[in-house]
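Participant: Take a look at the following structure, please.
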Amino acid sequence: METDFIHELENPKKKKIITLQMKNAYRQKEEAFKEELARIKDHIKKMEDEIKVSTDNYNDYRQIAIANEHLAMVTLYINITEDMETLKGVKHESYLNEGRKAFYNVLLSLEKVFTDFIPLEPTEIQKKADSIPKFDPARKIILFRKIIFILNNLEKGFGEKSKYRWAFADMFVRFAIIFKNAMNIKDLTTRDPRKPFFEENEILTNMLFDVLSRSSDKLREKYEISTKKVIDMSNALKILEELRRYFVLFKETASAEETKKKIDVWEDKLQKDMKTNEKLSLGVKKEEKKQRLSLDETMKKAQEALRKKGKK
């Protein structure tokens with residue numbers, strides 16, 4: 001008994017024994033998963049059909065509800081993947097990939113309500129907030145915290161070395177833009193403890209600063225490590241500009257100044273990179289031109305040699 005225990009300690013990666021009971025338990029979980037998945041899909045289809053024929057003012061609420069249902073689907077896919085690994089001893093990404101696709105639908109549904117525009121005037125944001133008063137601060141906290149939590153779990157499911165690393169960064173950026181555009185700027189900037197939802201609005205304010213800062217950092221990291229595409233750094237700067245604008249609106253002077261310094265550094269970095277790339281591009285073009293001229297000269301010499309040979 002003692003030697004078995006020592007052997008297990010020395011061999012932590014020892015293959016897990018899968019019993020018949022575990023296989024049966026997984027089969028039952030998978031059946032329940034498929035039933036719940038079908039129910040959710042039917043509910044989404046019903047709400048989508050209602051949107052097509054509706055003449056009331058509740059379609060934005062329906063889109064938010066649809067996003068919530070897609071989130072439930074993502075959770076199902078994550079849970080069944082974990083069950084598969086626990087009860088079958090198999091690590092498989094097929095269900096996780098379906099969860100990833102379902103998360104895109106979460107974003108698409110919310111973008112239909114709040115748009116995907118990075119620079120959006122506070123007046124436009126306020127207009128949308130005023131049109132859906134039932135989506136109050138408490139409900140926003142519940143939904144948006146759930147989105148962050150589920151996105152983190154989905155990303156962890158794929159692992160640190162996933163090929164979708166930058167796709168998840170883009171997902172978070174899209175979420176951050178949705179979050180920003182869903183805020184009630186007037187209520188948030190009031191910061192009056194006597195007003196309803198004061199504590200919730202303070203939480204949302206801190207979340208707003210956090211998600212904008214993190215999303216800009218993710219785009220900068222994507223630019224530096226992966227793509228080197230100007231669009232990624234440009235969008236990172238746009239988000240930083242939005243963050244600075246909100247620091248100013250909320251009279252967070254020190255934070256606004258720090259963000260301005262960060263913007264200046266990033267802009268300088270981008271300009272230098274663009275100039276370097278331009279020089280490299282010119283160098284490549286010159287080399288290509290040189291090679292073409294050299295090839296043309298070689299061809300001319302060859303043709304001249306053939307002509308001389310023909311005359312002989």
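Residue numbering restarts at 1 in every chain; chains get A, B, ... in the order shown in the structure tokens, and ligands count up from 1 in that same order.
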List every residue of range 77-253 of chain A that DSSP, applied to the backbone, labels as helix (DSSP H, G or I), and write the result as an MDAnalysis selection string.
Facilitator: chainID A and resid 77:88 94:114 122:131 137:158 165:181 185:190 198:227 230:249 253
Participant: Filtering to C-alpha atoms, could you give me those residues as a compact mmCIF listing (two decimals), in the first residue's frame?
Facilitator:
```txt
# COMPACT_ATOMS: atom_id res chain seq x y z
CA TYR A 77 -19.63 23.73 -24.13
CA ILE A 78 -16.99 24.52 -21.48
CA ASN A 79 -18.63 22.24 -18.91
CA ILE A 80 -19.06 19.27 -21.26
CA THR A 81 -15.40 19.59 -22.29
CA GLU A 82 -14.36 19.44 -18.63
CA ASP A 83 -16.68 16.46 -18.07
CA MET A 84 -15.13 14.70 -21.07
CA GLU A 85 -11.65 15.13 -19.62
CA THR A 86 -12.69 14.10 -16.11
CA LEU A 87 -14.90 11.13 -16.96
CA LYS A 88 -13.40 9.90 -20.23
CA SER A 94 -14.40 20.08 -30.64
CA TYR A 95 -16.95 21.36 -28.11
CA LEU A 96 -14.66 24.23 -27.10
CA ASN A 97 -14.52 25.35 -30.72
CA GLU A 98 -18.31 25.42 -30.77
CA GLY A 99 -18.16 27.50 -27.59
CA ARG A 100 -15.75 29.91 -29.26
CA LYS A 101 -18.17 30.32 -32.18
CA ALA A 102 -21.06 30.84 -29.76
CA PHE A 103 -19.09 33.60 -28.01
CA TYR A 104 -18.78 35.46 -31.30
CA ASN A 105 -22.59 35.39 -31.42
CA VAL A 106 -22.66 37.00 -27.97
CA LEU A 107 -20.61 39.88 -29.35
CA LEU A 108 -22.61 40.15 -32.57
CA SER A 109 -25.92 40.32 -30.68
CA LEU A 110 -24.67 43.08 -28.37
CA GLU A 111 -23.05 45.00 -31.24
CA LYS A 112 -26.48 45.19 -32.87
CA VAL A 113 -27.57 47.17 -29.82
CA PHE A 114 -24.47 49.15 -28.85
CA PRO A 122 -21.10 60.44 -25.37
CA THR A 123 -24.36 61.98 -26.62
CA GLU A 124 -24.94 58.94 -28.86
CA ILE A 125 -24.07 56.58 -26.02
CA GLN A 126 -26.44 58.44 -23.70
CA LYS A 127 -29.23 58.31 -26.27
CA LYS A 128 -28.97 54.51 -26.41
CA ALA A 129 -28.83 54.21 -22.60
CA ASP A 130 -31.97 56.34 -22.28
CA SER A 131 -33.81 54.12 -24.78
CA PRO A 137 -26.70 49.22 -13.73
CA ALA A 138 -27.35 46.09 -11.66
CA ARG A 139 -28.25 44.08 -14.77
CA LYS A 140 -25.23 45.48 -16.61
CA ILE A 141 -22.88 44.33 -13.85
CA ILE A 142 -24.37 40.83 -13.87
CA LEU A 143 -24.16 40.46 -17.66
CA PHE A 144 -20.76 42.04 -18.19
CA ARG A 145 -19.09 40.23 -15.29
CA LYS A 146 -20.52 37.00 -16.65
CA ILE A 147 -19.07 37.76 -20.09
CA ILE A 148 -15.59 38.41 -18.66
CA PHE A 149 -15.74 35.27 -16.50
CA ILE A 150 -16.90 33.02 -19.35
CA LEU A 151 -14.39 34.46 -21.83
CA ASN A 152 -11.58 33.80 -19.34
CA ASN A 153 -12.75 30.22 -18.81
CA LEU A 154 -13.06 29.64 -22.55
CA GLU A 155 -9.53 30.91 -23.14
CA LYS A 156 -8.16 28.77 -20.29
CA GLY A 157 -9.86 25.75 -21.82
CA PHE A 158 -7.74 26.10 -24.95
CA ARG A 165 -4.44 33.54 -28.46
CA TRP A 166 -4.85 36.70 -30.51
CA ALA A 167 -8.43 35.85 -31.47
CA PHE A 168 -9.24 35.94 -27.75
CA ALA A 169 -7.48 39.29 -27.46
CA ASP A 170 -9.69 40.60 -30.28
CA MET A 171 -12.78 39.21 -28.52
CA PHE A 172 -11.91 41.12 -25.36
CA VAL A 173 -11.36 44.31 -27.36
CA ARG A 174 -14.78 43.95 -28.99
CA PHE A 175 -16.32 43.36 -25.56
CA ALA A 176 -14.59 46.48 -24.18
CA ILE A 177 -16.08 48.61 -26.95
CA ILE A 178 -19.54 47.17 -26.30
CA PHE A 179 -19.11 47.82 -22.57
CA LYS A 180 -18.12 51.45 -23.17
CA ASN A 181 -21.03 52.05 -25.54
CA ILE A 185 -22.59 58.45 -19.01
CA LYS A 186 -24.88 60.94 -17.28
CA ASP A 187 -25.54 58.64 -14.33
CA LEU A 188 -21.92 57.52 -14.04
CA THR A 189 -20.46 61.03 -14.02
CA THR A 190 -22.98 62.31 -11.44
CA PHE A 198 -24.85 54.76 -6.84
CA GLU A 199 -22.74 51.76 -5.76
CA GLU A 200 -23.45 49.88 -8.99
CA ASN A 201 -22.46 52.92 -11.06
CA GLU A 202 -19.19 53.20 -9.14
CA ILE A 203 -18.48 49.55 -9.94
CA LEU A 204 -19.27 50.15 -13.62
CA THR A 205 -17.03 53.22 -13.68
CA ASN A 206 -14.07 51.22 -12.37
CA MET A 207 -14.85 48.40 -14.79
CA LEU A 208 -14.97 50.92 -17.66
CA PHE A 209 -11.49 52.22 -16.89
CA ASP A 210 -10.19 48.68 -16.47
CA VAL A 211 -11.57 47.10 -19.66
CA LEU A 212 -10.47 50.03 -21.83
CA SER A 213 -6.96 49.94 -20.37
CA ARG A 214 -6.67 46.15 -20.72
CA SER A 215 -8.05 46.09 -24.26
CA SER A 216 -5.59 48.74 -25.46
CA ASP A 217 -2.73 46.78 -23.86
CA LYS A 218 -3.87 43.58 -25.58
CA LEU A 219 -3.87 45.28 -28.98
CA ARG A 220 -0.42 46.78 -28.34
CA GLU A 221 0.84 43.32 -27.35
CA LYS A 222 -0.72 41.77 -30.46
CA TYR A 223 0.99 44.41 -32.60
CA GLU A 224 4.39 43.95 -30.95
CA ILE A 225 4.46 40.15 -30.75
CA SER A 226 2.34 38.97 -33.65
CA THR A 227 1.05 41.12 -36.49
CA VAL A 230 -0.67 49.41 -38.18
CA ILE A 231 -4.42 48.85 -37.72
CA ASP A 232 -3.83 47.04 -34.41
CA MET A 233 -1.68 49.82 -32.96
CA SER A 234 -4.01 52.44 -34.41
CA ASN A 235 -7.02 50.85 -32.68
CA ALA A 236 -5.03 50.56 -29.44
CA LEU A 237 -4.43 54.32 -29.63
CA LYS A 238 -8.09 55.02 -30.37
CA ILE A 239 -9.10 53.08 -27.27
CA LEU A 240 -6.52 54.96 -25.19
CA GLU A 241 -7.96 58.23 -26.49
CA GLU A 242 -11.41 57.07 -25.35
CA LEU A 243 -10.00 56.12 -21.95
CA ARG A 244 -8.42 59.56 -21.62
CA ARG A 245 -11.68 61.22 -22.64
CA TYR A 246 -13.53 59.37 -19.86
CA PHE A 247 -10.88 60.21 -17.29
CA VAL A 248 -11.44 63.87 -18.22
CA LEU A 249 -15.24 63.48 -18.02
CA THR A 253 -7.01 64.54 -13.85
```
Participant: I'd like to know which of A:Ser255, A:Lys134, A:Lys41, A:Leu120 is closest to Tyr58 in chain A, using only C-alpha atoms.
Facilitator: A:Lys134
Participant: I'd like to know which of A:Lys229, A:Gln271, A:Glu252, A:Gly89 is closest to Met22 in chain A, using only C-alpha atoms.
Facilitator: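 Closest to Met22 in chain A, using only C-alpha atoms: A:Gly89.
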Participant: Please indicate the distance in Å from CA of Ile66 in chain A to CA of Ile44 in chain A, rounded to one decimal place.
Facilitator: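 Separation between CA of Ile66 in chain A and CA of Ile44 in chain A: 5.8 Å.
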Participant: Mind pulling up the distance from CA of Ile132 in chain A to CA of Asp60 in chain A?
Facilitator: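 Going from CA of Asp60 in chain A over to CA of Ile132 in chain A covers 7.4 Å.
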Participant: Which residues, written as a PDB file with C-alpha atoms, in the first residue's frame, have at least one atom at most 8 Å from Ile51 in chain A, with only C-alpha atoms counted and residues fewer than 4 positions away on the same chain left out?
Facilitator:
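File written: result19.pdb
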```pdb
ATOM      1  CA  MET A  47     -36.655  35.554 -30.099  1.00  0.00           C
ATOM      2  CA  ASN A  59     -35.937  44.543 -29.840  1.00  0.00           C
ATOM      3  CA  ARG A  62     -34.452  40.848 -27.101  1.00  0.00           C
TER       4      ARG A  62
END
```
Participant: At what distance in Å, to one decimal, does CA of Glu31 in chain A lie from CA of Tyr164 in chain A?
Facilitator: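 Atom-to-atom, CA of Tyr164 in chain A to CA of Glu31 in chain A, that is 28.5 Å.
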